[in-house]
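K.L.:
Next up, structure.pdb (PDB, C-alpha atoms and all ligand atoms).
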ATOM      1  CA  MET F   1       0.000   0.000   0.000  1.00  0.00           C
ATOM      2  CA  LEU F   2       2.898   2.310   0.822  1.00  0.00           C
ATOM      3  CA  LEU F   3       4.523   1.497  -2.511  1.00  0.00           C
ATOM      4  CA  GLY F   4       1.238   2.059  -4.284  1.00  0.00           C
ATOM      5  CA  GLU F   5       0.916   5.616  -3.011  1.00  0.00           C
ATOM      6  CA  PRO F   6       4.432   7.103  -3.106  1.00  0.00           C
ATOM      7  CA  GLU F   7       3.260  10.638  -3.805  1.00  0.00           C
ATOM      8  CA  THR F   8       1.011  10.594  -0.797  1.00  0.00           C
ATOM      9  CA  VAL F   9       3.757   9.230   1.437  1.00  0.00           C
ATOM     10  CA  TRP F  10       6.205  11.915   0.381  1.00  0.00           C
ATOM     11  CA  ALA F  11       3.587  14.594   0.706  1.00  0.00           C
ATOM     12  CA  ILE F  12       2.882  13.472   4.253  1.00  0.00           C
ATOM     13  CA  ILE F  13       6.576  13.295   5.131  1.00  0.00           C
ATOM     14  CA  GLY F  14       7.096  16.775   3.723  1.00  0.00           C
ATOM     15  CA  ARG F  15       4.180  18.072   5.721  1.00  0.00           C
ATOM     16  CA  ILE F  16       5.415  16.454   8.918  1.00  0.00           C
ATOM     17  CA  ASN F  17       8.842  17.968   8.405  1.00  0.00           C
ATOM     18  CA  ALA F  18       7.375  21.365   7.635  1.00  0.00           C
ATOM     19  CA  MET F  19       5.324  21.295  10.796  1.00  0.00           C
ATOM     20  CA  GLY F  20       8.295  20.382  12.942  1.00  0.00           C
ATOM     21  CA  ALA F  21       6.975  17.101  14.255  1.00  0.00           C
ATOM     22  CA  TRP F  22      10.322  16.304  15.830  1.00  0.00           C
ATOM     23  CA  SER F  23       9.955  18.950  18.468  1.00  0.00           C
ATOM     24  CA  VAL F  24       6.852  17.821  20.294  1.00  0.00           C
ATOM     25  CA  PHE F  25       5.557  20.149  22.989  1.00  0.00           C
ATOM     26  CA  GLY F  26       9.084  21.603  23.219  1.00  0.00           C
ATOM     27  CA  TRP F  27      10.477  18.149  23.938  1.00  0.00           C
ATOM     28  CA  GLN F  28      13.067  16.439  21.757  1.00  0.00           C
ATOM     29  CA  PRO F  29      12.504  12.705  22.052  1.00  0.00           C
ATOM     30  CA  THR F  30      15.588  10.499  22.417  1.00  0.00           C
ATOM     31  CA  GLY F  31      16.317   6.840  23.162  1.00  0.00           C
ATOM     32  CA  TYR F  32      13.310   4.683  23.889  1.00  0.00           C
ATOM     33  CA  PRO F  33      10.792   7.533  23.528  1.00  0.00           C
ATOM     34  CA  LEU F  34      12.310   8.328  20.145  1.00  0.00           C
ATOM     35  CA  TRP F  35      11.673   4.767  18.977  1.00  0.00           C
ATOM     36  CA  ALA F  36       8.130   4.955  20.222  1.00  0.00           C
ATOM     37  CA  PHE F  37       7.801   8.232  18.380  1.00  0.00           C
ATOM     38  CA  TRP F  38       9.200   6.690  15.207  1.00  0.00           C
ATOM     39  CA  ALA F  39       6.591   3.965  15.430  1.00  0.00           C
ATOM     40  CA  LEU F  40       3.881   6.581  15.845  1.00  0.00           C
ATOM     41  CA  GLU F  41       5.131   8.604  12.887  1.00  0.00           C
ATOM     42  CA  LEU F  42       5.281   5.464  10.766  1.00  0.00           C
ATOM     43  CA  ALA F  43       1.691   4.771  11.727  1.00  0.00           C
ATOM     44  CA  VAL F  44       0.740   8.325  10.734  1.00  0.00           C
ATOM     45  CA  ILE F  45       2.554   8.008   7.408  1.00  0.00           C
ATOM     46  CA  THR F  46       0.946   4.644   6.708  1.00  0.00           C
ATOM     47  CA  PHE F  47      -2.415   6.047   7.678  1.00  0.00           C
ATOM     48  CA  GLY F  48      -1.800   8.936   5.280  1.00  0.00           C
ATOM     49  CA  ALA F  49      -0.941   6.521   2.497  1.00  0.00           C
ATOM     50  CA  MET F  50      -4.177   4.705   3.149  1.00  0.00           C
ATOM     51  CA  LYS F  51      -6.135   7.910   2.746  1.00  0.00           C
ATOM     52  CA  GLY F  52      -6.114   7.722  -1.034  1.00  0.00           C
ATOM     53  CA  VAL F  53      -7.427   4.187  -0.875  1.00  0.00           C
ATOM     54  CA  LEU F  54     -10.100   5.091   1.648  1.00  0.00           C
ATOM     55  CA  LEU F  55     -11.189   8.035  -0.477  1.00  0.00           C
ATOM     56  CA  LYS F  56     -11.784   5.651  -3.338  1.00  0.00           C
ATOM     57  CA  LEU F  57     -14.188   3.896  -1.011  1.00  0.00           C
ATOM     58  CA  GLY F  58     -15.998   7.176  -0.510  1.00  0.00           C
ATOM     59  CA  GLN F  59     -14.606   7.875   2.953  1.00  0.00           C
ATOM     60  CA  SER F  60     -12.726  10.868   4.172  1.00  0.00           C
ATOM     61  CA  VAL F  61      -9.818  10.857   6.613  1.00  0.00           C
ATOM     62  CA  ASN F  62      -8.864  13.899   8.623  1.00  0.00           C
ATOM     63  CA  ILE F  63      -5.415  15.445   8.829  1.00  0.00           C
ATOM     64  CA  TYR F  64      -3.909  16.137  12.255  1.00  0.00           C
ATOM     65  CA  CYS F  65      -2.580  19.598  13.171  1.00  0.00           C
ATOM     66  CA  GLU F  66       0.427  18.883  15.308  1.00  0.00           C
ATOM     67  CA  ASP F  67       0.748  22.534  16.369  1.00  0.00           C
ATOM     68  CA  CYS F  68      -2.711  22.639  17.922  1.00  0.00           C
ATOM     69  CA  ARG F  69      -3.119  18.923  18.595  1.00  0.00           C
ATOM     70  CA  ARG F  70      -6.471  19.037  16.820  1.00  0.00           C
ATOM     71  CA  TRP F  71      -7.915  16.996  13.981  1.00  0.00           C
ATOM     72  CA  SER F  72      -8.771  18.995  10.899  1.00  0.00           C
ATOM     73  CA  GLU F  73     -12.406  19.371   9.963  1.00  0.00           C
ATOM     74  CA  GLU F  74     -14.222  19.761   6.684  1.00  0.00           C
ATOM     75  CA  VAL F  75     -14.741  23.489   6.180  1.00  0.00           C
ATOM     76  CA  PHE F  76     -15.741  23.599   2.524  1.00  0.00           C
ATOM     77  CA  THR F  77     -17.259  21.207   0.004  1.00  0.00           C
ATOM     78  CA  SER F  78     -18.104  22.540  -3.422  1.00  0.00           C
ATOM     79  CA  PRO F  79     -21.263  21.721  -5.293  1.00  0.00           C
ATOM     80  CA  PRO F  80     -20.669  19.492  -8.323  1.00  0.00           C
ATOM     81  CA  LEU F  81     -18.460  21.382 -10.762  1.00  0.00           C
ATOM     82  CA  LYS F  82     -17.646  20.841 -14.425  1.00  0.00           C
ATOM     83  CA  PRO F  83     -15.338  17.911 -15.232  1.00  0.00           C
ATOM     84  CA  VAL F  84     -11.593  18.522 -15.297  1.00  0.00           C
ATOM     85  CA  GLU F  85     -10.191  18.447 -18.827  1.00  0.00           C
ATOM     86  CA  ASP F  86      -6.537  17.912 -17.956  1.00  0.00           C
ATOM     87  CA  GLY F  87      -5.881  16.653 -14.445  1.00  0.00           C
ATOM     88  CA  GLU F  88      -2.104  16.914 -14.643  1.00  0.00           C
ATOM     89  CA  ALA F  89      -2.236  20.509 -15.853  1.00  0.00           C
ATOM     90  CA  LEU F  90      -4.681  21.450 -13.121  1.00  0.00           C
ATOM     91  CA  LYS F  91      -2.549  19.782 -10.481  1.00  0.00           C
ATOM     92  CA  SER F  92       0.599  21.558 -11.676  1.00  0.00           C
ATOM     93  CA  ALA F  93      -1.136  24.914 -11.740  1.00  0.00           C
ATOM     94  CA  LEU F  94      -2.565  24.547  -8.244  1.00  0.00           C
ATOM     95  CA  GLU F  95       0.747  23.343  -6.859  1.00  0.00           C
ATOM     96  CA  ALA F  96       2.284  26.485  -8.346  1.00  0.00           C
ATOM     97  CA  GLY F  97      -0.300  28.587  -6.507  1.00  0.00           C
ATOM     98  CA  ASP F  98      -2.374  29.454  -9.586  1.00  0.00           C
ATOM     99  CA  PHE F  99      -5.909  29.036  -8.271  1.00  0.00           C
ATOM    100  CA  SER F 100      -7.403  30.730 -11.315  1.00  0.00           C
ATOM    101  CA  ALA F 101      -6.957  27.273 -12.858  1.00  0.00           C
ATOM    102  CA  LEU F 102     -10.155  26.336 -11.005  1.00  0.00           C
ATOM    103  CA  GLU F 103     -12.204  28.974 -12.847  1.00  0.00           C
ATOM    104  CA  PRO F 104     -13.089  26.801 -15.880  1.00  0.00           C
ATOM    105  CA  LEU F 105     -14.701  24.307 -13.488  1.00  0.00           C
ATOM    106  CA  TYR F 106     -17.222  26.762 -12.103  1.00  0.00           C
ATOM    107  CA  PRO F 107     -20.658  26.403 -13.707  1.00  0.00           C
ATOM    108  CA  GLN F 108     -22.314  29.590 -14.859  1.00  0.00           C
ATOM    109  CA  PRO F 109     -25.977  30.330 -14.173  1.00  0.00           C
ATOM    110  CA  GLU F 110     -26.841  29.850 -17.866  1.00  0.00           C
ATOM    111  CA  ASP F 111     -25.256  26.383 -17.963  1.00  0.00           C
ATOM    112  CA  ASP F 112     -27.263  23.184 -17.809  1.00  0.00           C
ATOM    113  CA  PRO F 113     -27.210  21.595 -14.362  1.00  0.00           C
ATOM    114  CA  ILE F 114     -24.277  19.300 -13.720  1.00  0.00           C
ATOM    115  CA  GLU F 115     -25.455  15.710 -13.926  1.00  0.00           C
ATOM    116  CA  THR F 116     -24.222  13.554 -11.064  1.00  0.00           C
ATOM    117  CA  GLU F 117     -26.229  10.346 -11.387  1.00  0.00           C
ATOM    118  CA  ASP F 118     -26.863   9.668 -15.074  1.00  0.00           C
ATOM    119  CA  PRO F 119     -24.677   7.190 -17.000  1.00  0.00           C
ATOM    120  CA  GLY F 120     -21.860   9.115 -18.652  1.00  0.00           C
ATOM    121  CA  ALA F 121     -22.017  11.945 -16.125  1.00  0.00           C
ATOM    122  CA  ALA F 122     -18.721  13.504 -15.045  1.00  0.00           C
ATOM    123  CA  PHE F 123     -18.173  16.177 -12.443  1.00  0.00           C
ATOM    124  CA  THR F 124     -15.654  17.521  -9.978  1.00  0.00           C
ATOM    125  CA  ARG F 125     -15.762  18.392  -6.314  1.00  0.00           C
ATOM    126  CA  LEU F 126     -13.435  20.523  -4.202  1.00  0.00           C
ATOM    127  CA  LEU F 127     -12.979  19.758  -0.526  1.00  0.00           C
ATOM    128  CA  VAL F 128     -11.039  21.744   2.058  1.00  0.00           C
ATOM    129  CA  MET F 129     -10.113  20.356   5.439  1.00  0.00           C
ATOM    130  CA  ALA F 130      -8.723  22.772   8.016  1.00  0.00           C
ATOM    131  CA  CYS F 131      -7.527  22.892  11.590  1.00  0.00           C
ATOM    132  CA  PRO F 132     -10.402  24.327  13.648  1.00  0.00           C
ATOM    133  CA  GLN F 133      -8.009  26.315  15.824  1.00  0.00           C
ATOM    134  CA  CYS F 134      -5.288  27.899  13.680  1.00  0.00           C
ATOM    135  CA  GLU F 135      -5.130  29.287  10.146  1.00  0.00           C
ATOM    136  CA  ASN F 136      -2.017  27.330   9.240  1.00  0.00           C
ATOM    137  CA  LEU F 137      -3.419  24.001   8.115  1.00  0.00           C
ATOM    138  CA  HIS F 138      -5.744  24.148   5.131  1.00  0.00           C
ATOM    139  CA  VAL F 139      -5.587  21.279   2.661  1.00  0.00           C
ATOM    140  CA  LEU F 140      -7.435  21.067  -0.650  1.00  0.00           C
ATOM    141  CA  ASP F 141      -8.613  17.932  -2.416  1.00  0.00           C
ATOM    142  CA  VAL F 142      -9.863  17.945  -5.997  1.00  0.00           C
ATOM    143  CA  THR F 143     -11.766  14.788  -6.897  1.00  0.00           C
ATOM    144  CA  ALA F 144     -13.051  13.803 -10.330  1.00  0.00           C
ATOM    145  CA  PHE F 145     -16.218  11.704 -10.370  1.00  0.00           C
ATOM    146  CA  SER F 146     -17.587   9.730 -13.280  1.00  0.00           C
ATOM    147  CA  VAL F 147     -20.604   7.525 -13.773  1.00  0.00           C
ATOM    148  CA  ASP F 148     -20.264   4.577 -16.122  1.00  0.00           C
ATOM    149  CA  GLY F 149     -22.882   3.031 -18.414  1.00  0.00           C
ATOM    150  CA  ASP F 150     -24.237   0.897 -15.582  1.00  0.00           C
ATOM    151  CA  GLY F 151     -24.660   3.908 -13.358  1.00  0.00           C
ATOM    152  CA  ASP F 152     -21.709   2.959 -11.149  1.00  0.00           C
ATOM    153  CA  LYS F 153     -19.707   5.863  -9.787  1.00  0.00           C
ATOM    154  CA  ALA F 154     -15.923   6.061  -9.800  1.00  0.00           C
ATOM    155  CA  GLU F 155     -13.767   8.758  -8.298  1.00  0.00           C
ATOM    156  CA  GLU F 156     -10.188   9.824  -8.805  1.00  0.00           C
ATOM    157  CA  LEU F 157      -8.183  12.143  -6.609  1.00  0.00           C
ATOM    158  CA  ILE F 158      -6.612  14.711  -8.887  1.00  0.00           C
ATOM    159  CA  VAL F 159      -5.167  16.870  -6.115  1.00  0.00           C
ATOM    160  CA  ASP F 160      -4.614  15.219  -2.743  1.00  0.00           C
ATOM    161  CA  ASN F 161      -4.077  17.246   0.423  1.00  0.00           C
ATOM    162  CA  LEU F 162      -2.518  20.270  -1.197  1.00  0.00           C
ATOM    163  CA  LEU F 163      -1.496  22.678   1.557  1.00  0.00           C
ATOM    164  CA  VAL F 164      -3.143  26.014   0.723  1.00  0.00           C
ATOM    165  CA  GLN F 165      -3.348  29.415   2.400  1.00  0.00           C
ATOM    166  CA  SER F 166      -6.488  30.086   4.393  1.00  0.00           C
ATOM    167  CA  ARG F 167      -7.488  32.851   1.956  1.00  0.00           C
ATOM    168  CA  VAL F 168      -7.990  30.182  -0.724  1.00  0.00           C
ATOM    169  CA  THR F 169     -10.585  28.559   1.518  1.00  0.00           C
ATOM    170  CA  HIS F 170     -12.196  31.893   2.280  1.00  0.00           C
ATOM    171  CA  ASP F 171     -12.371  32.746  -1.432  1.00  0.00           C
ATOM    172  CA  LEU F 172     -14.118  29.441  -2.133  1.00  0.00           C
ATOM    173  CA  GLN F 173     -16.516  29.856   0.780  1.00  0.00           C
ATOM    174  CA  HIS F 174     -17.338  33.363  -0.408  1.00  0.00           C
ATOM    175  CA  ARG F 175     -17.793  32.304  -4.032  1.00  0.00           C
ATOM    176  CA  PHE F 176     -20.280  29.585  -3.162  1.00  0.00           C
ATOM    177  CA  ALA F 177     -21.954  31.302  -0.226  1.00  0.00           C
ATOM    178  CA  GLY F 178     -25.713  31.346  -0.639  1.00  0.00           C
ATOM    179  CA  TYR F 179     -25.743  28.614  -3.253  1.00  0.00           C
ATOM    180  CA  VAL F 180     -27.549  25.428  -2.457  1.00  0.00           C
ATOM    181  CA  GLU F 181     -27.336  22.024  -4.015  1.00  0.00           C
ATOM    182  CA  PRO F 182     -30.866  20.854  -4.809  1.00  0.00           C
ATOM    183  CA  GLU F 183     -32.103  17.309  -4.827  1.00  0.00           C
ATOM    184  CA  PRO F 184     -30.534  15.351  -7.710  1.00  0.00           C
ATOM    185  CA  GLU F 185     -33.743  15.236  -9.743  1.00  0.00           C
ATOM    186  CA  LYS F 186     -34.252  18.987  -9.632  1.00  0.00           C
ATOM    187  CA  LYS F 187     -32.785  21.381 -12.133  1.00  0.00           C
ATOM    188  CA  GLY F 188     -30.954  24.603 -11.602  1.00  0.00           C
ATOM    189  CA  TRP F 189     -28.771  23.627  -8.653  1.00  0.00           C
ATOM    190  CA  PHE F 190     -26.663  26.716  -9.176  1.00  0.00           C
ATOM    191  CA  ALA F 191     -29.545  29.113  -8.604  1.00  0.00           C
ATOM    192  CA  LYS F 192     -29.527  31.155  -5.442  1.00  0.00           C
ATOM    193  CA  PRO F 193     -32.152  30.111  -2.904  1.00  0.00           C
ATOM    194  CA  SER F 194     -35.242  32.267  -2.801  1.00  0.00           C
ATOM    195  CA  SER F 195     -34.851  35.055  -0.277  1.00  0.00           C
ATOM    196  CA  LYS F 196     -37.059  34.970   2.767  1.00  0.00           C
TER
HETATM  197 ZN    ZN F 201      -3.786  24.109  14.061  1.00  0.00          ZN
END
Could you write out this file's structure as structure tokens?
Ligand SMILES: [Zn+2]
P.N.:
Amino acid sequence: MLLGEPETVWAIIGRINAMGAWSVFGWQPTGYPLWAFWALELAVITFGAMKGVLLKLGQSVNIYCEDCRRWSEEVFTSPPLKPVEDGEALKSALEAGDFSALEPLYPQPEDDPIETEDPGAAFTRLLVMACPQCENLHVLDVTAFSVDGDGDKAEELIVDNLLVQSRVTHDLQHRFAGYVEPEPEKKGWFAKPSSK
């Protein structure tokens, strides 16, 4: 499983290093505690590698903020967006900090509703997980969904746990604020809800 998800493993290791996991609560573990800590880190890395697999099963796994000792929480989920044309290009652009690369995915009010259940349907979702306490840990997932001829859904992680600045999350929350996702059989999901 580790070998199957090398990108995830290295992403997790990089994140652990960046967050300074080796200085825990101002304490530098040595000797026996260090070995115990190694075992824990290995478990975290393995758990991280499993995340991609679990996501394919439709489950979501939280990321741990080691600064705050809190689990991250889902703070933003997009409505269904247009399918990604070129996953590699999108991934490269987002990794380079170019979030305008998401613009082509955003449906416009005049567009037909994005189909999510019909055979042949394809759509994208954005998900942001964030530490509930600090502004330092925001991670973005971009997942492509497709529905085959039998109506079975498949999903592919295009961008997995990309560390983003909190303003990216706030921009997304602002952009989609007030929009509701209607029941699948209803049209016009992108319309604003009627004002009370
Ligand atoms: Zn935090």
K.L.:
List as a PDB file with C-alpha atoms, in the frame of the given file the protein and nucleic acid residues near F:Glu135, meaning an atom at most 10 Å away when all atoms listed in the file are counted, but skip any in the same chain fewer than 3 places from it.
P.N.:
ATOM      1  CA  ALA F 130      -8.723  22.772   8.016  1.00  0.00           C
ATOM      2  CA  CYS F 131      -7.527  22.892  11.590  1.00  0.00           C
ATOM      3  CA  PRO F 132     -10.402  24.327  13.648  1.00  0.00           C
ATOM      4  CA  HIS F 138      -5.744  24.148   5.131  1.00  0.00           C
ATOM      5  CA  GLN F 165      -3.348  29.415   2.400  1.00  0.00           C
ATOM      6  CA  SER F 166      -6.488  30.086   4.393  1.00  0.00           C
ATOM      7  CA  ARG F 167      -7.488  32.851   1.956  1.00  0.00           C
TER       8      ARG F 167
END
K.L.:
Give as a list in words the residues surrounding ligand ZN 201 (chain F) up to a distance of 6 Å, considering all atoms listed in the file.
P.N.:
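Selection of residues at most 6 Å from ligand ZN 201 (chain F): Cys65, Asp67, Cys68, Cys131, Gln133, Cys134 and Leu137 of chain F.
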K.L.:
Can you tell me which residues surround F:Ala101 at a distance of at most 8 Å, considering only C-alpha atoms, apart from same-chain residues fewer than 4 positions away, and format the answer as a compact mmCIF listing (two decimals) with C-alpha atoms, in the frame of the given file?
P.N.:
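Printed below is result-v5.txt as written:
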# COMPACT_ATOMS: atom_id res chain seq x y z
CA LEU F 90 -4.68 21.45 -13.12
CA ALA F 93 -1.14 24.91 -11.74
CA LEU F 94 -2.56 24.55 -8.24
K.L.:
Give as number ranges by chain the residues that the PyMOL selection byres (((chain F and resi 149-157) around 7) and not hetatm) matches when applied to the coordinates above.
P.N.:
F: 56, 117-120, 142-148, 158-160
K.L.:
What is the atom CA of F:Gly87 to atom CA of F:Val168 distance in Å?
P.N.:
19.4 Å
K.L.:
Please indicate the distance in Å from atom CA of F:Leu126 to atom CA of F:Trp71, rounded to one decimal place.
P.N.:
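Result for atom CA of F:Leu126 versus atom CA of F:Trp71: 19.3 Å, one decimal.
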K.L.:
Could you check which of F:Phe123, F:Phe76, F:Tyr179, F:Trp38 is closest to F:Leu105, using all atoms listed in the file?
P.N.:
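Nearest candidate to F:Leu105 out of F:Phe123, F:Phe76, F:Tyr179, F:Trp38: F:Phe123.
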K.L.:
For atom CA of F:Leu163 and atom CA of F:Ile63, quote the distance in Å rounded to one decimal.
P.N.:
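Atom-to-atom, atom CA of F:Leu163 to atom CA of F:Ile63, that is 11.0 Å.
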K.L.:
Report the residues retrieved by the PyMOL selection byres (((chain F and resi 129) around 7) and not hetatm) from the displayed file, expressed as a PyMOL selection string.
P.N.:
chain F and resi 72-75+127-128+130+138-140
K.L.:
Take the residues that were just selected and, keeping C-alpha atoms, output them as a short mmCIF file (atom, residue, chain, number, x, y, z; two decimals), keeping the file's coordinate frame.
P.N.:
data_model
loop_
_atom_site.label_atom_id
_atom_site.label_comp_id
_atom_site.auth_asym_id
_atom_site.auth_seq_id
_atom_site.Cartn_x
_atom_site.Cartn_y
_atom_site.Cartn_z
CA SER F 72 -8.77 19.00 10.90
CA GLU F 73 -12.41 19.37 9.96
CA GLU F 74 -14.22 19.76 6.68
CA VAL F 75 -14.74 23.49 6.18
CA LEU F 127 -12.98 19.76 -0.53
CA VAL F 128 -11.04 21.74 2.06
CA ALA F 130 -8.72 22.77 8.02
CA HIS F 138 -5.74 24.15 5.13
CA VAL F 139 -5.59 21.28 2.66
CA LEU F 140 -7.44 21.07 -0.65
#
K.L.:
Would you mind telling me which residue in F:Asn62, F:Ser100, F:Thr124, F:Asn161 lies nearest to F:Thr77 when using only C-alpha atoms?
P.N.:
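Using only C-alpha atoms, F:Thr77 sits closest to F:Thr124.
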